[in-house]
Each structure stands twice: as structure tokens, then as C-alpha cells.
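For reference, start-v4.cif (mmCIF, C-alpha atoms):
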data_coords
#
loop_
_atom_site.label_atom_id
_atom_site.label_comp_id
_atom_site.auth_asym_id
_atom_site.auth_seq_id
_atom_site.Cartn_x
_atom_site.Cartn_y
_atom_site.Cartn_z
CA MET F 56 280.20 39.39 -26.77
CA ARG F 57 282.33 41.03 -29.47
CA TRP F 58 283.16 37.65 -31.01
CA TRP F 59 279.49 36.63 -30.83
CA SER F 60 278.43 39.85 -32.54
CA VAL F 61 280.98 39.38 -35.33
CA ALA F 62 279.85 35.77 -35.79
CA ASN F 63 276.20 36.82 -35.95
CA PHE F 64 276.97 39.53 -38.49
CA VAL F 65 278.68 36.99 -40.75
CA SER F 66 275.84 34.50 -40.26
CA ASN F 67 273.10 37.07 -40.94
CA ALA F 68 274.85 38.26 -44.09
CA GLY F 69 275.07 34.66 -45.31
CA THR F 70 271.45 33.93 -44.43
CA TRP F 71 270.11 36.97 -46.29
CA MET F 72 272.34 36.15 -49.24
CA GLN F 73 270.78 32.68 -49.40
CA LEU F 74 267.21 33.92 -48.89
CA THR F 75 267.60 36.42 -51.72
CA VAL F 76 269.09 33.82 -54.04
CA GLN F 77 266.54 31.18 -53.04
CA ASN F 78 263.64 33.32 -54.26
CA LEU F 79 265.41 33.89 -57.56
CA LEU F 80 266.21 30.18 -57.81
CA VAL F 81 262.58 29.15 -57.32
CA LEU F 82 261.50 31.61 -59.99
CA GLN F 83 264.16 30.21 -62.29
CA ILE F 84 263.03 26.61 -61.72
CA THR F 85 259.26 27.14 -61.85
CA GLY F 86 258.65 30.62 -63.26
CA SER F 87 255.89 30.98 -60.65
CA ALA F 88 255.59 33.66 -57.98
CA ALA F 89 253.17 31.40 -56.12
CA ALA F 90 255.87 28.73 -55.88
CA THR F 91 258.21 31.32 -54.35
CA GLY F 92 255.65 32.05 -51.67
CA LEU F 93 255.17 28.32 -51.12
CA SER F 94 258.89 27.78 -50.49
CA MET F 95 258.90 30.57 -47.90
CA SER F 96 255.81 29.12 -46.19
CA VAL F 97 257.32 25.62 -46.12
CA GLN F 98 260.44 26.97 -44.42
CA ALA F 99 258.37 28.93 -41.88
CA GLY F 100 255.83 26.14 -41.34
CA PRO F 101 257.83 23.98 -38.87
CA ALA F 102 257.94 26.90 -36.44
CA LEU F 103 254.15 26.67 -36.11
CA PHE F 104 254.20 23.06 -34.91
CA MET F 105 257.72 22.41 -33.59
CA SER F 106 258.75 25.61 -31.79
CA LEU F 107 257.38 24.37 -28.47
CA LEU F 108 259.50 21.22 -28.71
CA GLY F 109 262.52 23.26 -29.80
CA GLY F 110 262.14 25.60 -26.82
CA ALA F 111 261.86 22.63 -24.44
CA ALA F 112 265.06 21.17 -25.91
CA VAL F 113 266.88 24.46 -25.32
CA ASP F 114 265.77 24.44 -21.66
CA ARG F 115 267.08 20.89 -21.18
CA TRP F 116 270.39 21.04 -23.09
CA SER F 117 273.48 23.20 -22.84
CA ARG F 118 272.93 26.34 -24.89
CA ARG F 119 276.47 26.38 -26.21
CA LEU F 120 276.29 22.77 -27.36
CA THR F 121 272.80 23.25 -28.82
CA ALA F 122 273.83 26.38 -30.75
CA ALA F 123 277.03 24.76 -32.06
CA VAL F 124 275.20 21.62 -33.27
CA SER F 125 272.28 23.51 -34.82
CA GLN F 126 274.60 25.92 -36.65
CA THR F 127 276.62 22.99 -37.98
CA LEU F 128 273.47 21.25 -39.22
CA LEU F 129 272.27 24.44 -40.93
CA GLY F 130 275.66 24.73 -42.60
CA ALA F 131 275.40 21.12 -43.80
CA VAL F 132 271.98 21.79 -45.38
CA ALA F 133 273.38 24.87 -47.15
CA PHE F 134 276.34 22.85 -48.52
CA VAL F 135 274.03 20.06 -49.76
CA THR F 136 271.92 22.65 -51.57
CA ALA F 137 275.04 24.22 -53.09
CA VAL F 138 276.20 20.83 -54.44
CA LEU F 139 272.76 20.08 -55.93
CA VAL F 140 272.66 23.50 -57.60
CA ALA F 141 276.20 23.13 -58.96
CA LEU F 142 275.33 19.70 -60.42
CA ASP F 143 272.02 21.01 -61.77
CA ARG F 144 270.17 18.34 -59.79
CA LEU F 145 267.98 20.62 -57.66
CA ASP F 146 264.27 20.42 -58.45
CA MET F 147 261.29 21.95 -56.68
CA THR F 148 260.61 18.87 -54.53
CA SER F 149 264.14 18.63 -53.13
CA LEU F 150 264.26 22.39 -52.59
CA LEU F 151 261.04 22.26 -50.53
CA VAL F 152 262.37 19.31 -48.50
CA LEU F 153 265.59 21.21 -47.74
CA ALA F 154 263.58 24.32 -46.82
CA ALA F 155 261.46 22.28 -44.40
CA VAL F 156 264.58 20.74 -42.81
CA THR F 157 266.08 24.23 -42.41
CA GLY F 158 262.89 25.46 -40.74
CA ALA F 159 262.85 22.48 -38.36
CA ILE F 160 266.47 23.04 -37.26
CA ALA F 161 265.74 26.75 -36.81
CA THR F 162 263.09 25.96 -34.17
CA VAL F 163 265.96 24.90 -31.89
CA ASP F 164 268.65 27.22 -33.22
CA GLY F 165 266.64 30.46 -32.77
CA PRO F 166 266.01 30.31 -28.99
CA ALA F 167 269.40 28.70 -28.33
CA CYS F 168 271.33 31.51 -30.02
CA ALA F 169 269.12 34.24 -28.54
CA LEU F 170 269.55 33.02 -24.96
CA LEU F 171 273.24 32.22 -25.45
CA GLY F 172 273.84 35.86 -26.43
CA ASN F 173 272.11 37.00 -23.24
CA ASP F 174 274.40 34.79 -21.15
CA LEU F 175 277.43 36.72 -22.36
CA VAL F 176 276.50 39.93 -20.50
CA PRO F 177 275.36 40.73 -16.94
CA ALA F 178 271.60 40.47 -16.43
CA GLU F 179 271.14 44.26 -16.29
CA ASP F 180 272.78 44.62 -19.72
CA VAL F 181 270.49 42.16 -21.54
CA PRO F 182 268.39 44.94 -23.19
CA SER F 183 271.63 46.45 -24.51
CA ALA F 184 272.76 43.06 -25.84
CA ILE F 185 269.42 42.60 -27.60
CA GLY F 186 269.77 46.06 -29.16
CA ILE F 187 273.26 45.18 -30.40
CA GLY F 188 271.85 41.96 -31.85
CA SER F 189 269.18 43.95 -33.68
CA MET F 190 271.81 46.28 -35.16
CA VAL F 191 273.90 43.31 -36.25
CA HIS F 192 270.84 41.71 -37.85
CA SER F 193 269.95 44.87 -39.78
CA ALA F 194 273.53 45.40 -40.95
CA GLY F 195 273.84 41.76 -41.98
CA ARG F 196 270.61 42.01 -43.94
CA LEU F 197 271.86 45.02 -45.88
CA VAL F 198 275.25 43.44 -46.64
CA GLY F 199 273.84 40.00 -47.45
CA THR F 200 271.21 41.34 -49.85
CA ALA F 201 273.83 43.42 -51.64
CA LEU F 202 276.33 40.54 -51.81
CA ALA F 203 273.73 38.16 -53.24
CA GLY F 204 273.62 39.93 -56.61
CA VAL F 205 277.41 40.27 -56.79
CA THR F 206 278.00 36.62 -55.84
CA VAL F 207 275.48 35.24 -58.32
CA GLY F 208 276.78 37.50 -61.08
CA PHE F 209 280.43 36.48 -60.70
CA LEU F 210 280.39 33.00 -59.12
CA GLY F 211 276.91 31.58 -59.69
CA THR F 212 273.97 30.60 -57.48
CA ALA F 213 275.74 27.65 -55.83
CA ALA F 214 278.40 30.01 -54.44
CA ALA F 215 275.79 31.92 -52.43
CA TYR F 216 274.64 28.72 -50.71
CA ALA F 217 278.26 27.67 -50.09
CA ALA F 218 279.03 31.09 -48.56
CA ASN F 219 276.05 30.71 -46.23
CA GLY F 220 277.29 27.25 -45.23
CA LEU F 221 280.68 28.73 -44.34
CA SER F 222 279.00 31.47 -42.30
CA PHE F 223 277.21 28.85 -40.17
CA LEU F 224 280.45 26.93 -39.61
CA PHE F 225 282.13 30.18 -38.52
CA VAL F 226 279.49 30.64 -35.80
CA ALA F 227 279.85 26.99 -34.72
CA ALA F 228 283.63 27.48 -34.46
CA VAL F 229 283.23 30.58 -32.25
CA VAL F 230 280.70 29.07 -29.81
CA PRO F 231 283.14 26.81 -27.85
CA PHE F 232 285.21 29.87 -26.89
CA LEU F 233 282.28 31.82 -25.40
CA ARG F 234 282.03 32.13 -21.62
CA PRO F 235 279.09 33.46 -19.55
CA ALA F 236 279.68 36.90 -18.05
CA PRO F 237 279.79 37.38 -14.27
CA GLY F 238 276.27 38.20 -13.11
CA ALA F 239 274.60 36.63 -16.15
CA ALA F 240 271.44 34.58 -15.77
CA ALA F 241 272.09 30.91 -15.00
CA PRO F 242 272.44 29.03 -18.29
CA ALA F 243 270.31 26.06 -19.20
CA GLY F 244 271.66 22.55 -18.91
CA PRO F 245 271.43 19.48 -16.71
CA GLU F 246 271.82 21.50 -13.50
CA ALA F 247 269.00 23.85 -14.46
CA THR F 248 266.76 20.90 -15.37
CA VAL F 249 267.34 19.27 -11.99
CA ALA F 250 266.66 22.56 -10.19
CA ALA F 251 263.45 23.04 -12.10
CA GLY F 252 262.16 19.60 -11.14
CA PRO F 253 261.03 16.66 -13.23
CA GLY F 254 258.05 18.45 -14.77
CA THR F 255 260.05 20.40 -17.36
CA THR F 256 257.51 19.87 -20.13
CA VAL F 257 256.17 21.83 -23.06
CA ARG F 258 252.88 22.20 -21.21
CA GLU F 259 254.65 23.98 -18.36
CA GLY F 260 255.83 26.68 -20.75
CA LEU F 261 252.33 27.11 -22.18
CA ARG F 262 250.84 27.40 -18.69
CA PHE F 263 253.38 30.01 -17.65
CA PHE F 264 252.80 32.09 -20.77
CA ALA F 265 248.99 31.95 -20.49
CA ALA F 266 249.06 32.84 -16.77
CA ARG F 267 251.37 35.82 -17.25
CA PRO F 268 249.20 38.88 -18.11
CA ARG F 269 252.14 41.00 -19.30
CA LEU F 270 253.23 38.32 -21.78
CA VAL F 271 249.68 37.90 -23.06
CA ALA F 272 249.41 41.68 -23.43
CA LEU F 273 252.75 41.76 -25.25
CA ALA F 274 251.49 39.05 -27.63
CA GLY F 275 248.32 41.05 -28.29
CA ILE F 276 250.19 44.29 -28.99
CA THR F 277 252.68 42.58 -31.29
CA GLY F 278 249.98 40.60 -33.08
CA ILE F 279 247.80 43.62 -33.85
CA SER F 280 250.83 45.61 -34.99
CA SER F 281 252.09 42.76 -37.17
CA VAL F 282 248.78 42.24 -38.97
CA PHE F 283 247.64 45.85 -39.45
CA GLY F 284 251.02 47.57 -39.64
CA ARG F 285 254.71 46.88 -40.11
CA ASN F 286 254.31 45.09 -43.46
CA TYR F 287 255.74 48.19 -45.08
CA GLY F 288 257.37 46.20 -47.86
CA LEU F 289 253.82 45.57 -49.10
CA THR F 290 251.82 48.67 -48.13
CA LEU F 291 254.44 51.30 -48.92
CA ALA F 292 255.36 49.58 -52.20
CA VAL F 293 251.76 49.89 -53.38
CA LEU F 294 251.48 53.45 -52.03
CA VAL F 295 254.69 54.63 -53.72
CA THR F 296 254.07 52.98 -57.08
CA GLY F 297 250.33 53.78 -57.05
CA PRO F 298 248.89 56.99 -55.52
CA LEU F 299 252.30 58.70 -55.28
CA ALA F 300 253.20 57.75 -58.88
CA GLY F 301 256.75 56.70 -58.04
CA GLY F 302 258.77 53.87 -59.56
CA ALA F 303 261.01 51.09 -58.36
CA GLY F 304 263.78 53.61 -57.67
CA ALA F 305 261.51 55.64 -55.40
CA PHE F 306 260.54 52.57 -53.42
CA GLY F 307 264.23 51.64 -53.19
CA THR F 308 264.83 55.02 -51.54
CA VAL F 309 261.98 54.40 -49.09
CA SER F 310 263.40 50.94 -48.29
CA ALA F 311 266.86 52.43 -47.66
CA VAL F 312 265.40 55.01 -45.25
CA LEU F 313 263.51 52.19 -43.46
CA ALA F 314 266.77 50.26 -43.08
CA VAL F 315 268.62 53.28 -41.70
CA GLY F 316 265.79 53.94 -39.26
CA GLY F 317 265.89 50.33 -38.13
CA ILE F 318 269.60 50.53 -37.33
CA LEU F 319 269.18 53.88 -35.54
CA GLY F 320 266.26 52.48 -33.54
CA ALA F 321 268.29 49.43 -32.55
CA PHE F 322 271.04 51.76 -31.28
CA LEU F 323 268.52 53.70 -29.20
CA GLY F 324 266.90 50.48 -27.98
CA ALA F 325 270.30 49.24 -26.79
CA ARG F 326 270.32 52.11 -24.29
CA LEU F 327 267.10 50.94 -22.59
CA ARG F 328 267.60 49.92 -18.97
CA ARG F 329 264.06 48.99 -17.85
CA PRO F 330 261.92 48.01 -20.84
CA SER F 331 258.27 47.29 -20.10
CA VAL F 332 255.10 46.19 -21.87
CA ARG F 333 253.66 49.67 -21.32
CA LEU F 334 256.62 51.16 -23.18
CA VAL F 335 256.13 48.65 -26.01
CA GLY F 336 252.45 49.58 -26.26
CA THR F 337 253.15 53.32 -26.19
CA LEU F 338 255.74 53.00 -28.97
CA ALA F 339 253.48 50.76 -31.04
CA ALA F 340 250.65 53.32 -30.75
CA ALA F 341 253.02 56.13 -31.76
CA GLY F 342 254.15 54.07 -34.76
CA ALA F 343 250.51 53.49 -35.71
CA LEU F 344 249.82 57.24 -35.71
CA LEU F 345 252.88 57.80 -37.90
CA GLN F 346 251.59 55.05 -40.21
CA LEU F 347 248.25 56.86 -40.39
CA ALA F 348 250.02 60.09 -41.37
CA ALA F 349 252.08 58.20 -43.96
CA GLY F 350 248.86 56.95 -45.54
CA LEU F 351 247.76 60.56 -46.00
CA SER F 352 251.11 61.72 -47.44
CA PRO F 353 250.53 64.07 -50.41
CA SER F 354 254.01 63.46 -51.88
CA LEU F 355 257.04 61.19 -51.76
CA ALA F 356 259.04 63.86 -49.91
CA VAL F 357 256.52 63.95 -47.04
CA LEU F 358 256.48 60.16 -46.94
CA LEU F 359 260.27 60.02 -46.61
CA VAL F 360 260.10 62.44 -43.66
CA LEU F 361 257.64 60.11 -41.91
CA VAL F 362 259.28 56.80 -42.80
CA LEU F 363 262.43 57.40 -40.72
CA PRO F 364 260.65 57.90 -37.34
CA MET F 365 258.30 55.01 -38.24
CA ALA F 366 261.28 52.67 -38.55
CA VAL F 367 262.98 54.06 -35.43
CA VAL F 368 259.87 53.62 -33.27
CA GLU F 369 259.28 50.09 -34.60
CA SER F 370 262.87 49.06 -33.92
CA VAL F 371 262.93 50.44 -30.35
CA SER F 372 259.57 48.78 -29.66
CA ASP F 373 260.88 45.44 -30.95
CA THR F 374 264.00 45.70 -28.80
CA ALA F 375 261.97 46.51 -25.68
CA GLY F 376 259.49 43.69 -26.35
CA THR F 377 262.25 41.15 -26.94
CA ALA F 378 263.97 42.20 -23.72
CA VAL F 379 260.76 41.68 -21.74
CA LEU F 380 260.15 38.32 -23.41
CA GLN F 381 263.66 37.02 -22.72
CA THR F 382 264.02 38.30 -19.15
CA ASP F 383 260.53 38.00 -17.61
CA PRO F 384 260.35 34.16 -17.37
CA PRO F 385 262.60 32.28 -14.92
CA ALA F 386 265.81 30.97 -16.50
CA HIS F 387 264.65 27.34 -16.68
CA LEU F 388 261.52 28.30 -18.69
CA ARG F 389 262.90 30.83 -21.15
CA GLY F 390 263.43 28.39 -24.00
CA ARG F 391 259.84 27.16 -23.83
CA VAL F 392 258.45 30.69 -23.56
CA LEU F 393 260.43 31.63 -26.68
CA GLY F 394 259.00 28.49 -28.31
CA VAL F 395 255.45 29.62 -27.53
CA TRP F 396 256.28 33.06 -28.89
CA SER F 397 257.73 31.62 -32.10
CA SER F 398 254.56 29.59 -32.71
CA ILE F 399 252.37 32.65 -32.21
CA GLY F 400 254.64 34.78 -34.40
CA THR F 401 254.43 32.22 -37.20
CA VAL F 402 250.64 32.58 -37.20
CA TRP F 403 251.05 36.34 -37.62
CA SER F 404 253.66 36.03 -40.36
CA LEU F 405 251.60 33.53 -42.34
CA GLY F 406 248.20 35.14 -41.82
CA GLY F 407 249.11 38.83 -41.69
CA PRO F 408 250.10 39.49 -45.33
CA PRO F 409 246.96 37.86 -46.84
CA ALA F 410 244.72 39.76 -44.41
CA LEU F 411 246.49 43.01 -45.18
CA GLY F 412 246.33 42.28 -48.90
CA LEU F 413 242.56 41.81 -48.64
CA LEU F 414 242.25 45.11 -46.75
CA MET F 415 244.24 46.83 -49.51
CA GLU F 416 241.96 45.32 -52.14
CA LEU F 417 238.95 46.78 -50.34
CA ALA F 418 240.33 50.13 -49.18
CA GLY F 419 243.44 50.76 -51.30
CA ALA F 420 246.94 51.46 -50.03
CA ARG F 421 246.01 54.73 -48.31
CA GLY F 422 242.91 53.24 -46.75
CA ALA F 423 244.83 50.21 -45.45
CA LEU F 424 247.51 52.37 -43.82
CA VAL F 425 244.97 54.74 -42.26
CA THR F 426 242.56 52.02 -41.12
CA GLY F 427 245.37 49.88 -39.74
CA GLY F 428 246.90 52.83 -37.90
CA LEU F 429 243.57 53.79 -36.33
CA PHE F 430 242.85 50.20 -35.29
CA ILE F 431 246.28 49.66 -33.71
CA ALA F 432 246.29 52.99 -31.83
CA GLY F 433 242.68 52.53 -30.70
CA ALA F 434 243.16 48.96 -29.47
CA ILE F 435 246.35 49.76 -27.57
CA GLY F 436 244.90 52.96 -26.12
CA ALA F 437 241.83 51.06 -24.88
CA GLY F 438 244.02 48.38 -23.35
CA LEU F 439 246.20 50.92 -21.52
CA LEU F 440 243.08 52.72 -20.28
CA VAL F 441 241.52 49.52 -18.91
CA ARG F 442 244.82 48.56 -17.30
CA GLY F 443 245.13 51.98 -15.71
CA ARG F 444 241.63 51.80 -14.23
CA ARG F 445 242.31 48.38 -12.73
CA THR F 446 245.54 49.65 -11.20
CA LEU F 447 243.76 52.62 -9.58
CA GLU F 448 240.84 50.61 -8.12
CA PRO F 449 240.66 51.21 -4.33
CA VAL F 450 241.15 48.22 -2.04
CA SER F 451 238.54 47.74 0.71
CA LEU F 452 239.96 46.65 4.08
CA PRO F 453 237.86 44.92 6.76
CA THR F 454 236.90 47.28 9.59
CA LYS F 455 235.63 46.99 13.15
CA PRO F 456 232.27 48.52 14.21
CA GLY F 457 233.98 51.78 15.18
CA GLY F 458 235.53 52.17 11.73
CA GLU F 459 239.01 51.07 12.77
CA VAL F 460 240.83 48.77 10.37
CA ALA F 461 240.79 45.17 11.62
CA GLY F 462 244.17 43.53 12.20
CA ARG F 463 246.08 46.81 12.16
CA GLU F 464 248.95 45.32 14.20
CA ALA F 465 249.40 42.43 11.73
CA LEU F 466 249.25 44.80 8.75
CA SER F 467 251.89 47.01 10.32
CA THR F 468 254.17 44.05 10.95
CA ALA F 469 253.72 42.79 7.37
CA ALA F 470 254.54 46.23 5.98
#
For this file, write the structure as C-alpha cells.
Amino acid sequence: MRWWSVANFVSNAGTWMQLTVQNLLVLQITGSAAATGLSMSVQAGPALFMSLLGGAAVDRWSRRLTAAVSQTLLGAVAFVTAVLVALDRLDMTSLLVLAAVTGAIATVDGPACALLGNDLVPAEDVPSAIGIGSMVHSAGRLVGTALAGVTVGFLGTAAAYAANGLSFLFVAAVVPFLRPAPGAAAPAGPEATVAAGPGTTVREGLRFFAARPRLVALAGITGISSVFGRNYGLTLAVLVTGPLAGGAGAFGTVSAVLAVGGILGAFLGARLRRPSVRLVGTLAAAGALLQLAAGLSPSLAVLLVLVLPMAVVESVSDTAGTAVLQTDPPAHLRGRVLGVWSSIGTVWSLGGPPALGLLMELAGARGALVTGGLFIAGAIGAGLLVRGRRTLEPVSLPTKPGGEVAGREALSTAA
């Protein structure tokens, strides 16, 4: 698990270095912000259509082999891009093709790496492993974003892509030495496929997800929160530079506090032992109320006080939700369930920012934060209330004419 965490840190740093440089590269080639958004959408697009197939592949194949191959392929794409940039042969068409290929490989790589990390610890420690993964991701993002500017300044844009390619190869080199921990969930592979029966299809994963109320509720909570909250890079940027009359430096401070809160929240989330959908909903509602208060902040100082707990609550909620998602399905279905989740999440990530932008156009930054916070807290509160009433409904037992419960002996034996 230590080697896997180190490998993921290196990989995340390389990935964020490339993502940062890629946006700058698109702007350099086209001079268009719209083209930058298009490149990001093209890379995310395959997840919408191919995640179900990627999840099914992860359920059928060895996770170690799948992760090693996918990481190697991602490294190859990064090296090809580096060569094209170094030779000044990269145009917008080839960049979009490479982005689409990267997105397609990621539909298999994402669930394979997530489930492989869970196999390295006993089943009861999976929430802790997910929390560690979240901390590694946040730290890698900070380091990779910082290194991007340094690398481009001293070595050029191609070097950032080459460094990302090396980071993928490092992960691929570590994978063969990983061994499942005693007590870990049974890994996927030929044996798991045989045990699951011949009907290991994409449709089976969809049916399981749709028939599982807690997963549907988790999707609803996460979807509402993703669309009407969480996009703090957009809402808080407009709030800080607009009503609060701050500049780019002020928003940089807010972003730094968000990052620190995310790492702290991941640490707290790693200590969860029994995460549940109810806990995810409660945390999401608390985050929504903090978002509402942030929208009413009279000054930057008050906003900074609120931003830290906002990030902590969001991070703990994410860790708890991911733990439920990766442990609730049976082992032979987890890849497909993650594939369903990835497809749903892509819809949120593609549709959320435009919807939030429209809300900000109509209500302003403060109005969007307040309205979104009220909507999230209200929807989750109503859902928890309905769920609580259903849980407390009395059960009527058949009775005999004298009022005695029918079949008492059988009930007693069953109990």
C-alpha cells in the first residue's frame, strides 16, 4: 500500500502537470478559450459512452494486469504528444484525437486502479485506503500544478508531457510487485468471472445499480451537490473578484485554503469505519448550509473562515460516498458499478458548469451560492425525512379472531 501510494502521488503530480500545460498549449495554438473547453470535453466525453464497457472489462480481467497495461498506454500517449510538441507538429486536430484516446483508456484505468488499491488492504480498512488515496490525489494536484510552471519555464512544454509519461511508466513498474492483503475482497479475474456465471454483462451492472436504493440515493445526493454546489472554482472566483472586490491574489488565497481543507478532510475521512449514505447526505447538507453562509459573506476574511470547513466537509463526504460505492456491490460487479457511476458523473461534470453559469447570470454570485445551498439542503432534508418515515412505518401481522398473532410458533423459530 505504501508503494501504491507513492506511485499514485507521482502519477497524480504528472497528470496535473500535463493538464495545466495542455490548457496553456491549446490557448497558444488557437488563442481561444472555447477551444480549451472543447479539449477538456473531448477528453471527458468517452467516459459518457464507454465507462460501462470499461467497468465490464475490469470485472473480467485481472486488475493488476489491466492497471499495468492501461498505465503503459497512457504513458505512450503522453510520450507521443511530447514528441509532436518538441517537433512543432502538434495541431488542434491531433491534440483532440490524443485527448479522446486518453479519455478512452481512462474508462478502464480508473476503475482498475481504484479497485486494485482496495485489494491491498483488509476489507474493513477500505474506507481508510480511500481516504489515503484522496490525500495523495490532493497533494499530487498541488505539486503537479506548481511544477507545471517551473517545467515549462526551464525545459519547455514537451518536457511536461514527457514527465507525465514517465510517471505512468513508474506506476506500471510498481504494479507487478503488489500483492493483495490477507482479508481483502476477492480480486477480479477469470476465477471471479466463472463464479459470477456466464451473464457477466454491462446490463447486469445497470440492473444492480438501478435496483439498489442506497446507490440511487447516493447518485441523487452527489448529482444535486455537483450541479448546485462544489464548483467553487467558478462561484467563489466570481464572488471574490466581484462583490468582495478582491483580485487574483485574493482568489489564490481562497484556493489555497480550499486545498488545505481538502487534504484535512481526506485525513478525517480515512478514519471512517462505517460510512453510509445517510452520513454522505448529512455532510452534503451541512456543506450546503456553509455554502449559503459563504454567499452572504460581508468580507474576504469571513469567507476564508467559512471556506476551510466547506472543503473539509466536502472531502469527508466524498470519501464516505466512494467507500460506499466501492464496497456495497459484490466483488464481481464492482467494476461495472463504477462504470455506471463514471457515466453518471460525466453528465454532471459536463452539464453542471453551464447550468451553474446560467444561474449566476440570473442571480449573481451571491444568489447562486445561496439558492444552490438552499436547494441542496432542502432536497437532502426532504429525502432523509421521507426515508425516516418509511423506516418507522408499523408492520401489520395477521391475527386470529381472538387477536393472537397467527403463526406465532413459526415466527419464534425464524427469530
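Each of F:Ile276, F:Ala213, F:Ala366, F:Ala236 was checked against F:Leu142 using all atoms listed in the file; the smallest atom-to-atom distance is that of F:Ala213.
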Reference answer for the PyMOL selection byres ((chain F and resi 200) around 8), as a ChimeraX atom specification: /F:68,71-72,75,196-199,201-204
The selected residues should be written to file as a short mmCIF file (atom, residue, chain, number, x, y, z; two decimals), keeping the file's coordinate frame (atoms: C-alpha atoms).
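Below is the file that was written, out37.cif:
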data_model
loop_
_atom_site.label_atom_id
_atom_site.label_comp_id
_atom_site.auth_asym_id
_atom_site.auth_seq_id
_atom_site.Cartn_x
_atom_site.Cartn_y
_atom_site.Cartn_z
CA ALA F 68 274.85 38.26 -44.09
CA TRP F 71 270.11 36.97 -46.29
CA MET F 72 272.34 36.15 -49.24
CA THR F 75 267.60 36.42 -51.72
CA ARG F 196 270.61 42.01 -43.94
CA LEU F 197 271.86 45.02 -45.88
CA VAL F 198 275.25 43.44 -46.64
CA GLY F 199 273.84 40.00 -47.45
CA ALA F 201 273.83 43.42 -51.64
CA LEU F 202 276.33 40.54 -51.81
CA ALA F 203 273.73 38.16 -53.24
CA GLY F 204 273.62 39.93 -56.61
#
Residues selected by the PyMOL selection byres ((chain F and resi 299) around 9), written as a ChimeraX atom specification: /F:294-298,300-301,352-355
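When the PyMOL selection byres ((chain F and resi 348) around 9) is evaluated on the file shown here, the picked residues come out as Ala343, Leu344, Leu345, Gln346, Leu347, Ala349, Gly350, Leu351, Ser352, Leu358, Leu361, Leu424, Val425 and Gly428 of chain F.
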Point-to-point distance from atom CA of F:Leu388 to atom CA of F:Arg333, Å rounded to tenths: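 Calculated distance between atom CA of F:Leu388 and atom CA of F:Arg333 is 22.9 Å.
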Nearest-residue call for F:Leu93, choices F:Ala155, F:Leu120, F:Val76, F:Asn219, using all atoms listed in the file: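 Going through F:Ala155, F:Leu120, F:Val76, F:Asn219 one by one, the smallest distance to F:Leu93 is for F:Ala155.
The spacing separating atom CA of F:Ala178 from atom CA of F:Arg328 amounts to 10.6 Å.
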Selection near F:Phe223, 10 Å with only C-alpha atoms, sequence-local residues under 4 positions removed, as a ChimeraX atom specification: /F:62-63,65-67,69-70,123,125-131,133,218-219,227-228
Straight-line distance linking atom CA of F:Gly390 with atom CA of F:Arg269, stated in Å to one decimal: 17.6 Å
Top pick for closest residue to F:Thr337, considering F:Arg267, F:Arg258, F:Leu439, F:Val309 and counting all atoms listed in the file: F:Leu439
Selection as a PyMOL selection string: residues within 6 Å of (279.5, 40.8, -19.7), counting all atoms listed in the file: chain F and resi 175-177+236
Nearest residue to F:Ala214 from the set F:Ala386, F:Leu363, F:Val441, F:Val135 (distances using all atoms listed in the file):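 Once distances to F:Ala214 are computed over all atoms listed in the file, the minimum belongs to F:Val135.
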What's around F:Val138 at 9 Å? Count all atoms listed in the file, leave out sequence neighbours fewer than 6 positions away in its own chain, and write the answer as an mmCIF file with C-alpha atoms, keeping the file's coordinate frame.
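The resulting file, out03.cif, is reproduced below:
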data_model
loop_
_atom_site.group_PDB
_atom_site.id
_atom_site.type_symbol
_atom_site.label_atom_id
_atom_site.label_comp_id
_atom_site.auth_asym_id
_atom_site.auth_seq_id
_atom_site.Cartn_x
_atom_site.Cartn_y
_atom_site.Cartn_z
ATOM 1 C CA ARG F 144 270.170 18.340 -59.790
ATOM 2 C CA LEU F 145 267.980 20.620 -57.660
ATOM 3 C CA ALA F 213 275.740 27.650 -55.830
ATOM 4 C CA TYR F 216 274.640 28.720 -50.710
ATOM 5 C CA ALA F 217 278.260 27.670 -50.090
#
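When all atoms listed in the file are used to compute distances to F:Val61, the closest of the residues F:Thr162, F:Thr206, F:Ser222, F:Thr121 turns out to be F:Ser222.
With only C-alpha atoms as the basis for measurement, F:Val392 is the residue among F:Ala137, F:Val392, F:Leu108, F:Val163 that approaches F:Ala265 most closely.
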Kindly assemble as a tab-separated table a list of the stretch 158-226 of chain F residues that lie within 8 Å of stretch 369-384 of chain F, each paired with its nearest atom pair and their distance in Å to one decimal, using only C-alpha atoms, sorted first by chain and then by ascending residue number.
residue	atom	partner	partner_atom	distance
F:Leu170	CA	F:Gln381	CA	7.5
F:Val181	CA	F:Ala378	CA	6.9
F:Pro182	CA	F:Ala378	CA	5.2
F:Ile185	CA	F:Thr374	CA	6.4
F:Gly186	CA	F:Thr374	CA	5.8
F:Ser189	CA	F:Thr374	CA	7.3
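A distance cut-off of 10 Å around (271.5, 34.4, -26.8), counting all atoms listed in the file, selects these protein and nucleic acid residues: F:Trp59, F:Arg118, F:Arg119, F:Ala122, F:Gly165, F:Pro166, F:Ala167, F:Cys168, F:Ala169, F:Leu170, F:Leu171, F:Gly172, F:Asn173, F:Asp174, F:Leu175, F:Val176, F:Val181, F:Ala184, F:Ile185, F:Gly188, F:Gln381.
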